[in-house]
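Engineer: Got upload_9.csv for you, CSV, C-alpha atoms and all ligand atoms:
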```csv
chain,number,residue,atom,x,y,z
L,1,MET,CA,0.0,0.0,0.0
L,2,GLN,CA,1.3,3.4,-1.0
L,3,THR,CA,0.5,6.4,1.3
L,4,VAL,CA,0.5,9.9,-0.2
L,5,ASN,CA,-0.2,13.2,1.3
L,6,ARG,CA,0.3,15.7,-1.6
L,7,VAL,CA,-1.8,16.1,-4.8
L,8,ASP,CA,1.1,15.6,-7.3
L,9,PRO,CA,2.2,12.2,-6.1
L,10,LEU,CA,-1.5,11.3,-5.7
L,11,ARG,CA,-2.1,12.0,-9.4
L,12,THR,CA,1.0,9.8,-10.4
L,13,ALA,CA,-0.2,7.0,-8.1
L,14,VAL,CA,-3.8,7.1,-9.3
L,15,ALA,CA,-2.7,7.1,-13.0
L,16,ALA,CA,-0.7,3.9,-12.4
L,17,LEU,CA,-3.6,2.2,-10.6
L,18,ARG,CA,-6.2,3.2,-13.2
L,19,ALA,CA,-4.0,1.9,-16.0
L,20,ASP,CA,-4.2,-1.5,-14.3
L,21,GLY,CA,-8.1,-1.7,-14.0
L,22,PRO,CA,-11.1,-0.1,-12.3
L,23,LEU,CA,-10.3,1.9,-9.2
L,24,ALA,CA,-12.7,2.3,-6.2
L,25,LEU,CA,-12.6,5.1,-3.6
L,26,VAL,CA,-13.7,4.8,0.0
L,27,PRO,CA,-13.7,8.2,1.6
L,28,THR,CA,-13.4,8.2,5.4
L,29,MET,CA,-12.4,10.4,8.4
L,30,GLY,CA,-10.3,7.6,9.9
L,31,ALA,CA,-10.6,5.9,13.3
L,32,LEU,CA,-11.5,2.9,11.3
L,33,HIS,CA,-13.9,0.2,12.5
L,34,GLU,CA,-15.7,-2.8,10.9
L,35,GLY,CA,-18.2,-0.5,9.2
L,36,HIS,CA,-15.3,1.2,7.2
L,37,LEU,CA,-13.6,-2.2,6.6
L,38,THR,CA,-16.9,-3.6,5.2
L,39,LEU,CA,-16.9,-0.8,2.6
L,40,VAL,CA,-13.3,-1.6,1.8
L,41,ARG,CA,-14.0,-5.3,1.3
L,42,GLU,CA,-17.0,-4.5,-0.9
L,43,ALA,CA,-14.8,-2.1,-2.9
L,44,ARG,CA,-12.2,-4.9,-3.4
L,45,ASN,CA,-15.0,-7.2,-4.7
L,46,ARG,CA,-15.9,-4.6,-7.3
L,47,ALA,CA,-12.6,-3.1,-8.5
L,48,ALA,CA,-9.0,-4.0,-9.3
L,49,HIS,CA,-7.7,-1.5,-6.9
L,50,VAL,CA,-9.0,0.3,-3.8
L,51,ALA,CA,-8.0,3.8,-2.7
L,52,VAL,CA,-9.0,5.0,0.8
L,53,SER,CA,-8.9,8.6,1.9
L,54,ILE,CA,-8.5,9.6,5.5
L,55,PHE,CA,-9.3,13.3,6.1
L,56,VAL,CA,-11.0,14.8,9.1
L,57,ASN,CA,-12.7,17.6,7.1
L,58,PRO,CA,-12.8,20.8,9.1
L,59,ARG,CA,-15.4,22.3,6.8
L,60,GLN,CA,-18.1,19.8,7.8
L,61,PHE,CA,-17.8,20.5,11.5
L,62,GLY,CA,-19.7,23.4,13.1
L,63,ALA,CA,-18.0,25.9,15.4
L,64,ASN,CA,-19.2,24.1,18.6
L,65,GLU,CA,-18.7,20.5,17.3
L,66,ASP,CA,-16.1,17.8,18.0
L,67,LEU,CA,-13.5,18.6,15.4
L,68,GLY,CA,-10.8,19.1,18.0
L,69,LYS,CA,-11.5,15.8,19.8
L,70,TYR,CA,-12.4,13.7,16.8
L,71,PRO,CA,-10.3,10.5,17.1
L,72,ARG,CA,-7.1,10.5,15.0
L,73,GLN,CA,-5.1,7.2,14.7
L,74,LEU,CA,-3.4,7.2,11.3
L,75,ALA,CA,-0.8,4.5,12.1
L,76,ALA,CA,-3.4,2.0,13.3
L,77,ASP,CA,-5.7,2.8,10.4
L,78,SER,CA,-2.9,2.4,8.0
L,79,ALA,CA,-2.1,-1.1,9.3
L,80,LEU,CA,-5.8,-2.1,9.0
L,81,LEU,CA,-6.0,-0.9,5.4
L,82,GLU,CA,-2.7,-2.6,4.5
L,83,ALA,CA,-4.1,-5.9,5.8
L,84,GLU,CA,-7.3,-5.4,3.7
L,85,GLY,CA,-5.2,-5.2,0.5
L,86,VAL,CA,-5.8,-1.5,-0.1
L,87,SER,CA,-3.5,-0.1,-2.9
L,88,LEU,CA,-3.5,3.6,-2.0
L,89,LEU,CA,-4.0,5.6,1.2
L,90,TRP,CA,-4.7,9.3,0.5
L,91,ALA,CA,-4.1,11.2,3.8
L,92,PRO,CA,-3.7,14.9,3.1
L,93,GLU,CA,-3.4,17.7,5.8
L,94,ALA,CA,-6.0,20.4,5.9
L,95,ALA,CA,-3.6,22.9,4.3
L,96,VAL,CA,-3.2,20.5,1.3
L,97,MET,CA,-6.9,20.2,0.9
L,98,TYR,CA,-7.6,23.9,1.5
L,99,PRO,CA,-4.5,25.9,0.7
L,100,ALA,CA,-4.2,29.6,1.4
L,101,GLY,CA,-6.7,31.4,-0.9
L,102,TYR,CA,-9.1,28.5,-1.1
L,103,ALA,CA,-12.6,30.0,-1.8
L,104,THR,CA,-15.0,27.5,-3.4
L,105,ASN,CA,-18.0,25.9,-1.7
L,106,ILE,CA,-20.5,23.4,-3.1
L,107,SER,CA,-24.0,23.6,-1.7
L,108,VAL,CA,-26.7,21.0,-2.6
L,109,ALA,CA,-30.2,22.3,-2.0
L,110,GLY,CA,-33.2,20.1,-1.3
L,111,VAL,CA,-31.9,16.8,0.2
L,112,SER,CA,-29.5,18.8,2.4
L,113,ALA,CA,-32.3,20.7,4.1
L,114,GLY,CA,-33.8,19.3,7.3
L,115,LEU,CA,-32.7,16.4,9.4
L,116,CYS,CA,-28.8,16.7,9.9
L,117,GLY,CA,-28.9,19.8,7.6
L,118,ALA,CA,-31.1,21.6,10.1
L,119,ALA,CA,-29.3,20.4,13.2
L,120,ARG,CA,-25.8,21.0,11.7
L,121,PRO,CA,-25.9,24.2,9.5
L,122,GLY,CA,-23.3,24.1,6.8
L,123,HIS,CA,-22.4,20.4,7.4
L,124,PHE,CA,-23.5,19.1,4.0
L,125,ASP,CA,-21.8,22.0,2.2
L,126,GLY,CA,-18.6,20.8,3.8
L,127,VAL,CA,-19.4,17.2,2.9
L,128,ALA,CA,-20.3,18.0,-0.7
L,129,THR,CA,-17.3,20.2,-1.2
L,130,VAL,CA,-14.7,17.7,0.2
L,131,VAL,CA,-16.3,14.7,-1.6
L,132,CYS,CA,-16.3,16.7,-4.9
L,133,LYS,CA,-12.6,17.5,-4.4
L,134,LEU,CA,-11.8,13.8,-3.5
L,135,PHE,CA,-13.6,12.7,-6.6
L,136,ASN,CA,-11.6,15.1,-8.8
L,137,GLN,CA,-8.3,14.2,-7.0
L,138,VAL,CA,-8.7,10.4,-7.3
L,139,GLN,CA,-11.1,10.1,-10.3
L,140,PRO,CA,-12.4,6.7,-9.2
L,141,ASP,CA,-14.5,4.5,-11.4
L,142,LEU,CA,-16.8,3.9,-8.4
L,143,ALA,CA,-17.1,5.2,-4.8
L,144,LEU,CA,-18.6,3.5,-1.8
L,145,PHE,CA,-20.4,5.1,1.1
L,146,GLY,CA,-22.3,3.7,4.2
L,147,GLU,CA,-26.1,3.8,4.4
L,148,LYS,CA,-25.4,4.7,8.0
L,149,ASP,CA,-25.1,8.3,6.7
L,150,TRP,CA,-28.3,8.1,4.6
L,151,GLN,CA,-28.8,11.8,4.0
L,152,GLN,CA,-25.1,12.2,3.1
L,153,LEU,CA,-25.5,9.4,0.5
L,154,ALA,CA,-28.5,11.3,-1.0
L,155,VAL,CA,-26.5,14.6,-1.0
L,156,ILE,CA,-23.5,13.0,-2.8
L,157,ARG,CA,-25.7,11.2,-5.4
L,158,ARG,CA,-27.5,14.5,-6.1
L,159,MET,CA,-24.2,16.5,-6.3
L,160,THR,CA,-22.6,13.9,-8.6
L,161,ARG,CA,-25.6,13.9,-10.9
L,162,ASP,CA,-26.1,17.7,-10.9
L,163,LEU,CA,-22.4,18.5,-11.7
L,164,ASP,CA,-22.2,15.8,-14.4
L,165,LEU,CA,-19.2,14.3,-12.7
L,166,ALA,CA,-17.5,11.7,-14.8
L,167,ALA,CA,-15.4,9.8,-12.3
L,168,PRO,CA,-17.4,8.5,-10.6
L,169,GLN,CA,-20.7,8.8,-12.4
L,170,ALA,CA,-23.8,9.0,-10.3
L,171,ASP,CA,-24.8,5.4,-10.9
L,172,ALA,CA,-21.3,4.3,-9.7
L,173,ILE,CA,-22.0,5.7,-6.2
L,174,VAL,CA,-22.5,2.5,-4.1
L,175,GLY,CA,-24.4,2.5,-0.8
L,176,VAL,CA,-23.4,-0.2,1.7
L,177,PRO,CA,-25.8,-1.4,4.5
L,178,THR,CA,-25.0,-0.3,8.1
L,179,VAL,CA,-22.7,-2.6,10.1
L,180,ARG,CA,-23.9,-2.9,13.7
L,181,GLU,CA,-22.5,-4.1,17.0
L,182,ALA,CA,-23.9,-7.3,18.6
L,183,ASP,CA,-26.5,-5.3,20.5
L,184,GLY,CA,-27.7,-3.5,17.4
L,185,LEU,CA,-25.9,-0.1,17.9
L,186,ALA,CA,-24.6,1.2,14.5
L,187,MET,CA,-20.8,1.2,14.5
L,188,SER,CA,-19.4,4.7,14.6
L,189,SER,CA,-16.1,6.3,15.4
L,190,ARG,CA,-18.0,8.5,17.9
L,191,ASN,CA,-19.1,5.4,19.9
L,192,ALA,CA,-15.6,5.6,21.5
L,193,PHE,CA,-16.7,8.8,23.3
L,194,LEU,CA,-19.4,6.9,25.2
L,195,SER,CA,-19.0,6.0,28.9
L,196,PRO,CA,-19.7,2.4,29.7
L,197,ASP,CA,-23.2,3.3,31.0
L,198,ASP,CA,-24.0,5.5,28.0
L,199,ARG,CA,-22.7,2.8,25.7
L,200,ALA,CA,-25.1,0.3,27.3
L,201,ASN,CA,-28.0,2.7,27.1
L,202,ALA,CA,-27.2,3.6,23.5
L,203,ALA,CA,-28.5,0.2,22.4
L,204,SER,CA,-32.0,1.6,23.2
L,205,LEU,CA,-31.7,3.6,19.9
L,206,PRO,CA,-31.9,0.8,17.4
L,207,LYS,CA,-34.3,-1.1,19.7
L,208,ALA,CA,-36.7,1.8,19.9
L,209,MET,CA,-36.4,2.4,16.1
L,210,ARG,CA,-37.4,-1.2,15.4
L,211,ALA,CA,-40.4,-0.8,17.7
L,212,ALA,CA,-41.5,2.4,15.9
L,213,ILE,CA,-41.2,0.8,12.5
L,214,ALA,CA,-43.3,-2.2,13.8
L,215,ALA,CA,-45.9,0.2,15.2
L,216,ALA,CA,-46.1,2.2,11.9
L,217,LYS,CA,-46.5,-1.1,10.0
L,218,ARG,CA,-49.3,-2.1,12.3
L,219,GLY,CA,-51.1,1.0,11.3
L,220,SER,CA,-50.2,3.5,14.0
L,221,SER,CA,-50.0,7.0,12.6
L,222,LEU,CA,-46.4,8.1,11.8
L,223,THR,CA,-46.7,11.1,14.2
L,224,GLU,CA,-47.7,8.7,17.0
L,225,ALA,CA,-44.9,6.3,16.2
L,226,GLU,CA,-42.4,9.3,16.1
L,227,THR,CA,-43.7,10.6,19.4
L,228,ALA,CA,-43.4,7.2,21.1
L,229,LEU,CA,-39.9,6.8,19.7
L,230,ASN,CA,-38.9,10.2,21.1
L,231,SER,CA,-40.2,9.3,24.6
L,232,ALA,CA,-38.5,5.9,24.4
L,233,LEU,CA,-35.1,7.5,23.7
L,234,LEU,CA,-35.5,10.1,26.5
L,235,GLY,CA,-36.6,7.3,28.8
L,236,GLY,CA,-33.7,5.1,27.7
L,237,GLY,CA,-30.8,7.5,28.6
L,238,PHE,CA,-30.7,9.9,25.7
L,239,SER,CA,-30.6,13.6,26.8
L,240,SER,CA,-32.2,15.1,23.7
L,241,VAL,CA,-33.5,14.1,20.2
L,242,ASP,CA,-32.5,16.2,17.2
L,243,TYR,CA,-35.0,14.4,15.0
L,244,ALA,CA,-36.8,11.1,14.8
L,245,GLU,CA,-38.8,11.0,11.6
L,246,PHE,CA,-40.2,8.8,8.9
L,247,ARG,CA,-39.2,10.1,5.5
L,248,ASP,CA,-39.4,9.2,1.8
L,249,ALA,CA,-36.3,7.1,1.4
L,250,ALA,CA,-35.2,8.7,-1.9
L,251,SER,CA,-36.4,12.4,-1.8
L,252,LEU,CA,-36.2,12.6,2.1
L,253,GLU,CA,-39.5,14.4,2.0
L,254,ARG,CA,-41.7,14.2,5.2
L,255,LEU,CA,-44.3,11.5,5.1
L,256,GLU,CA,-47.8,11.7,6.5
L,257,ARG,CA,-48.4,8.0,6.1
L,258,LEU,CA,-46.7,4.9,4.7
L,259,GLY,CA,-47.4,4.5,1.0
L,260,ASP,CA,-46.1,2.6,-2.0
L,261,ARG,CA,-42.7,4.3,-2.1
L,262,PRO,CA,-39.9,3.1,0.1
L,263,ALA,CA,-39.8,4.9,3.5
L,264,ARG,CA,-36.9,5.3,5.9
L,265,LEU,CA,-36.8,6.1,9.6
L,266,LEU,CA,-34.0,8.5,10.5
L,267,VAL,CA,-32.9,9.5,14.0
L,268,ALA,CA,-30.3,11.8,15.6
L,269,ALA,CA,-30.1,11.9,19.3
L,270,ARG,CA,-27.6,12.9,22.0
L,271,ILE,CA,-26.3,10.8,24.9
L,272,GLY,CA,-23.6,11.9,27.4
L,273,GLY,CA,-22.6,14.8,25.0
L,274,THR,CA,-22.2,12.5,22.0
L,275,ARG,CA,-24.5,12.8,19.0
L,276,LEU,CA,-25.5,9.5,17.5
L,277,ILE,CA,-27.3,9.0,14.2
L,278,ASP,CA,-29.1,6.0,12.8
L,279,ASN,CA,-31.6,5.1,10.1
L,280,MET,CA,-33.5,2.0,9.0
L,281,PRO,CA,-35.7,0.9,6.1
L,282,VAL,CA,-39.4,0.7,6.9
Y,301,LIG,P1,-16.7,8.5,8.5
Y,301,LIG,O1,-15.3,8.1,8.7
Y,301,LIG,O2,-17.6,8.4,9.7
Y,301,LIG,O3,-16.9,9.7,7.7
Y,301,LIG,O4,-17.3,7.3,7.6
Y,301,LIG,C1,-16.7,7.0,6.3
Y,301,LIG,C2,-17.7,6.1,5.5
Y,301,LIG,O5,-18.0,4.9,6.3
Y,301,LIG,C3,-19.0,6.8,5.3
Y,301,LIG,O6,-19.5,6.4,4.0
Y,301,LIG,C4,-19.9,6.2,6.3
Y,301,LIG,O7,-21.3,6.2,6.0
Y,301,LIG,C5,-19.4,4.8,6.4
Y,301,LIG,N1,-19.7,4.2,7.7
Y,301,LIG,C6,-19.5,4.7,8.9
Y,301,LIG,N2,-20.0,3.8,9.8
Y,301,LIG,C7,-20.6,2.8,9.2
Y,301,LIG,C8,-21.3,1.6,9.6
Y,301,LIG,N3,-21.5,1.3,10.8
Y,301,LIG,N4,-21.7,0.7,8.6
Y,301,LIG,C9,-21.4,1.0,7.3
Y,301,LIG,N5,-20.8,2.1,6.8
Y,301,LIG,C10,-20.4,3.0,7.8
```
Let me see the file written as structure tokens.

Structural biologist:
Amino acid sequence: MQTVNRVDPLRTAVAALRADGPLALVPTMGALHEGHLTLVREARNRAAHVAVSIFVNPRQFGANEDLGKYPRQLAADSALLEAEGVSLLWAPEAAVMYPAGYATNISVAGVSAGLCGAARPGHFDGVATVVCKLFNQVQPDLALFGEKDWQQLAVIRRMTRDLDLAAPQADAIVGVPTVREADGLAMSSRNAFLSPDDRANAASLPKAMRAAIAAAKRGSSLTEAETALNSALLGGGFSSVDYAEFRDAASLERLERLGDRPARLLVAARIGGTRLIDNMPV
């Protein structure tokens, strides 16, 4: 595995890999867990070579968020990726990604509004901007993202389509189902912030979500199911709920009732100062 942290050597490395067959990109912020490694394995199944980026993107963190304390463990991550057969690790510093004078922002309307877009103003501009740059830097044939970040996946698909990006094309953005711990909690680099008590209570999130989906399918109104979910989280050790909503799975529009089109339940809630997100198909 080759590790590069400047754009010129990246271009040279990428050209050599692409000459050898399809190249897949897995963008990450590091602190890698089984969720990330599942994306890497899926990428290896689909392409001749896999490039992974590790970049804690300052533009997607709000002023009062956890940028400063976000876990950074490049040496351990690098060993994990090497063992998975990754060909290229792209690990730039912020000053390489956003050099002095950097002035461009990408903003995706519609799917970015509401949910995490409302709770974290500017977050999806930061995501769209860095992912567009990563796509232009690596020019992968395909790119893999976790369904864990369902709204992010929708934003990236929209951006790729709207900007007519060629590498990857919109239909080569692959979503990978969420990988969970044994008790159902979605794997996340932020789970490391949880105290043992909070970690145990956090399992109430997927449990309460499954109960809300079952209630909605039994014919309970979506508002009732959302209200019950909210109460279950606050009763289960969460200190606040940013949102707990049934939405159209593709457009992310609010739903009054379940219909013919796929629906998704999306939640963001805080426990012990850590904000967790999760989503499930209905
Ligand atoms: P992050 O490092 O949190 O930015 O995540 C990098 C990529 O891994 C994103 O596409 C995430 O959606 C994906 N990812 C994170 N956690 C999981 C998980 N538990 N299961 C599947 N994919 C995940």

Engineer: Quick one: which chain L residues come within 7 Å of ligand LIG 301 (chain Y), and what is the nearest atom pair for each with the distance in Å to one decimal, counting only C-alpha atoms and all ligand atoms, rows ordered by chain and ascending number, as CSV?

Structural biologist:
```
residue,atom,partner,partner_atom,distance
L:Val26,CA,Y:LIG301,C2,6.9
L:Pro27,CA,Y:LIG301,C1,5.7
L:Thr28,CA,Y:LIG301,C1,3.6
L:Met29,CA,Y:LIG301,O1,3.7
L:Gly30,CA,Y:LIG301,O1,5.2
L:Ala31,CA,Y:LIG301,O1,6.9
L:Leu32,CA,Y:LIG301,O1,6.9
L:Gly35,CA,Y:LIG301,N4,3.7
L:His36,CA,Y:LIG301,O5,4.7
L:Thr38,CA,Y:LIG301,C9,6.8
L:Leu39,CA,Y:LIG301,N5,6.4
L:Leu144,CA,Y:LIG301,O6,6.5
L:Phe145,CA,Y:LIG301,O6,3.3
L:Gly146,CA,Y:LIG301,O7,3.2
L:Glu147,CA,Y:LIG301,O7,5.6
L:Lys148,CA,Y:LIG301,O7,4.8
L:Asp149,CA,Y:LIG301,O7,4.4
L:Val176,CA,Y:LIG301,C9,6.1
L:Pro177,CA,Y:LIG301,C9,5.7
L:Thr178,CA,Y:LIG301,N4,3.5
L:Val179,CA,Y:LIG301,N4,3.8
L:Arg180,CA,Y:LIG301,N3,5.6
L:Ala186,CA,Y:LIG301,N3,4.8
L:Met187,CA,Y:LIG301,N3,3.8
L:Ser188,CA,Y:LIG301,N2,4.9
L:Ser189,CA,Y:LIG301,O2,6.3
```

Engineer: Write a file of the just-selected residues containing C-alpha atoms, as an mmCIF file, in the coordinates of the input.

Structural biologist:
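result.cif was written with the following content:
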```
data_model
loop_
_atom_site.group_PDB
_atom_site.id
_atom_site.type_symbol
_atom_site.label_atom_id
_atom_site.label_comp_id
_atom_site.auth_asym_id
_atom_site.auth_seq_id
_atom_site.Cartn_x
_atom_site.Cartn_y
_atom_site.Cartn_z
ATOM 1 C CA VAL L 26 -13.700 4.800 0.000
ATOM 2 C CA PRO L 27 -13.700 8.200 1.600
ATOM 3 C CA THR L 28 -13.400 8.200 5.400
ATOM 4 C CA MET L 29 -12.400 10.400 8.400
ATOM 5 C CA GLY L 30 -10.300 7.600 9.900
ATOM 6 C CA ALA L 31 -10.600 5.900 13.300
ATOM 7 C CA LEU L 32 -11.500 2.900 11.300
ATOM 8 C CA GLY L 35 -18.200 -0.500 9.200
ATOM 9 C CA HIS L 36 -15.300 1.200 7.200
ATOM 10 C CA THR L 38 -16.900 -3.600 5.200
ATOM 11 C CA LEU L 39 -16.900 -0.800 2.600
ATOM 12 C CA LEU L 144 -18.600 3.500 -1.800
ATOM 13 C CA PHE L 145 -20.400 5.100 1.100
ATOM 14 C CA GLY L 146 -22.300 3.700 4.200
ATOM 15 C CA GLU L 147 -26.100 3.800 4.400
ATOM 16 C CA LYS L 148 -25.400 4.700 8.000
ATOM 17 C CA ASP L 149 -25.100 8.300 6.700
ATOM 18 C CA VAL L 176 -23.400 -0.200 1.700
ATOM 19 C CA PRO L 177 -25.800 -1.400 4.500
ATOM 20 C CA THR L 178 -25.000 -0.300 8.100
ATOM 21 C CA VAL L 179 -22.700 -2.600 10.100
ATOM 22 C CA ARG L 180 -23.900 -2.900 13.700
ATOM 23 C CA ALA L 186 -24.600 1.200 14.500
ATOM 24 C CA MET L 187 -20.800 1.200 14.500
ATOM 25 C CA SER L 188 -19.400 4.700 14.600
ATOM 26 C CA SER L 189 -16.100 6.300 15.400
#
```

Engineer: I'd like the contact shell of segment 89-95 of chain L - 12 Å cut-off, only C-alpha atoms, skipping same-chain residues fewer than 4 positions apart - returned as number ranges by chain.

Structural biologist: L: 1-11, 13-14, 24-30, 40, 49-59, 72-75, 77-82, 84-85, 99-102, 130, 133-135, 137-138

Engineer: Could you name the residues that touch Gly122 of chain L at 9 Å or less, counting only C-alpha atoms, but leaving out those on the same chain fewer than 2 positions away, as a count of residues only?

Structural biologist: 12

Engineer: Let me make sure I understand: among L:Leu115, L:Ala76, L:Leu185, L:Ala203, which one has the smallest atom-to-atom distance to Arg247 of chain L if we use only C-alpha atoms?

Structural biologist: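 Result for the nearest residue to Arg247 of chain L: L:Leu115.
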
Engineer: Report the distance between atom CA of Gly237 of chain L and atom CA of Met280 of chain L in Å, rounded to one decimal place.

Structural biologist: 20.5 Å

Engineer: Please, what distance in Å, to one decimal, runs between atom CA of Pro140 of chain L and atom CA of Ile106 of chain L?

Structural biologist: 19.5 Å

Engineer: To one decimal in Å, tell me the separation between atom CA of Ala215 of chain L and atom CA of Ala182 of chain L.

Structural biologist: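 Pair atom CA of Ala215 of chain L / atom CA of Ala182 of chain L returns 23.5 Å.
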
Engineer: Considering all atoms listed in the file, state which residue in the set L:His123, L:Arg264, L:Lys69, L:Arg257 is at the smallest distance from Ala244 of chain L.

Structural biologist: L:Arg264

Engineer: Please determine, counting only C-alpha atoms, which residue among L:Ala119, L:Val108, L:Ala143, L:Ala202 has the shortest atom-to-atom distance to Arg158 of chain L.

Structural biologist: L:Val108

Engineer: Since the input lacks atoms, please generate N, CA, C and O atoms for segment 234-245 of chain L and provide them as a compact mmCIF listing (two decimals), keeping the file's coordinate frame.

Structural biologist:
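Final file, part.txt:
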```txt
# COMPACT_ATOMS: atom_id res chain seq x y z
N LEU L 234 -35.72 9.30 25.26
CA LEU L 234 -35.50 10.10 26.50
C LEU L 234 -35.58 9.28 27.72
O LEU L 234 -34.84 9.50 28.68
N GLY L 235 -36.44 8.26 27.69
CA GLY L 235 -36.60 7.30 28.80
C GLY L 235 -35.42 6.33 28.87
O GLY L 235 -35.16 5.71 29.90
N GLY L 236 -34.72 6.18 27.75
CA GLY L 236 -33.70 5.10 27.70
C GLY L 236 -32.27 5.68 27.87
O GLY L 236 -31.30 4.98 27.61
N GLY L 237 -32.16 6.96 28.31
CA GLY L 237 -30.80 7.50 28.60
C GLY L 237 -30.34 8.58 27.70
O GLY L 237 -29.29 9.18 27.95
N PHE L 238 -31.07 8.85 26.61
CA PHE L 238 -30.70 9.90 25.70
C PHE L 238 -31.11 11.27 26.33
O PHE L 238 -32.17 11.37 26.95
N SER L 239 -30.27 12.31 26.17
CA SER L 239 -30.60 13.60 26.80
C SER L 239 -31.45 14.46 25.90
O SER L 239 -32.20 15.32 26.38
N SER L 240 -31.33 14.29 24.57
CA SER L 240 -32.20 15.10 23.70
C SER L 240 -32.24 14.35 22.31
O SER L 240 -31.38 13.51 22.00
N VAL L 241 -33.26 14.70 21.55
CA VAL L 241 -33.50 14.10 20.20
C VAL L 241 -33.49 15.23 19.20
O VAL L 241 -34.33 16.11 19.28
N ASP L 242 -32.54 15.22 18.27
CA ASP L 242 -32.50 16.20 17.20
C ASP L 242 -33.71 16.01 16.26
O ASP L 242 -34.41 16.93 15.87
N TYR L 243 -33.88 14.76 15.85
CA TYR L 243 -35.00 14.40 15.00
C TYR L 243 -35.23 12.90 15.09
O TYR L 243 -34.29 12.14 15.37
N ALA L 244 -36.47 12.49 14.89
CA ALA L 244 -36.80 11.10 14.80
C ALA L 244 -38.01 11.03 13.85
O ALA L 244 -39.13 11.29 14.27
N GLU L 245 -37.75 10.79 12.57
CA GLU L 245 -38.80 11.00 11.60
C GLU L 245 -38.80 9.95 10.48
O GLU L 245 -37.75 9.50 10.03
```
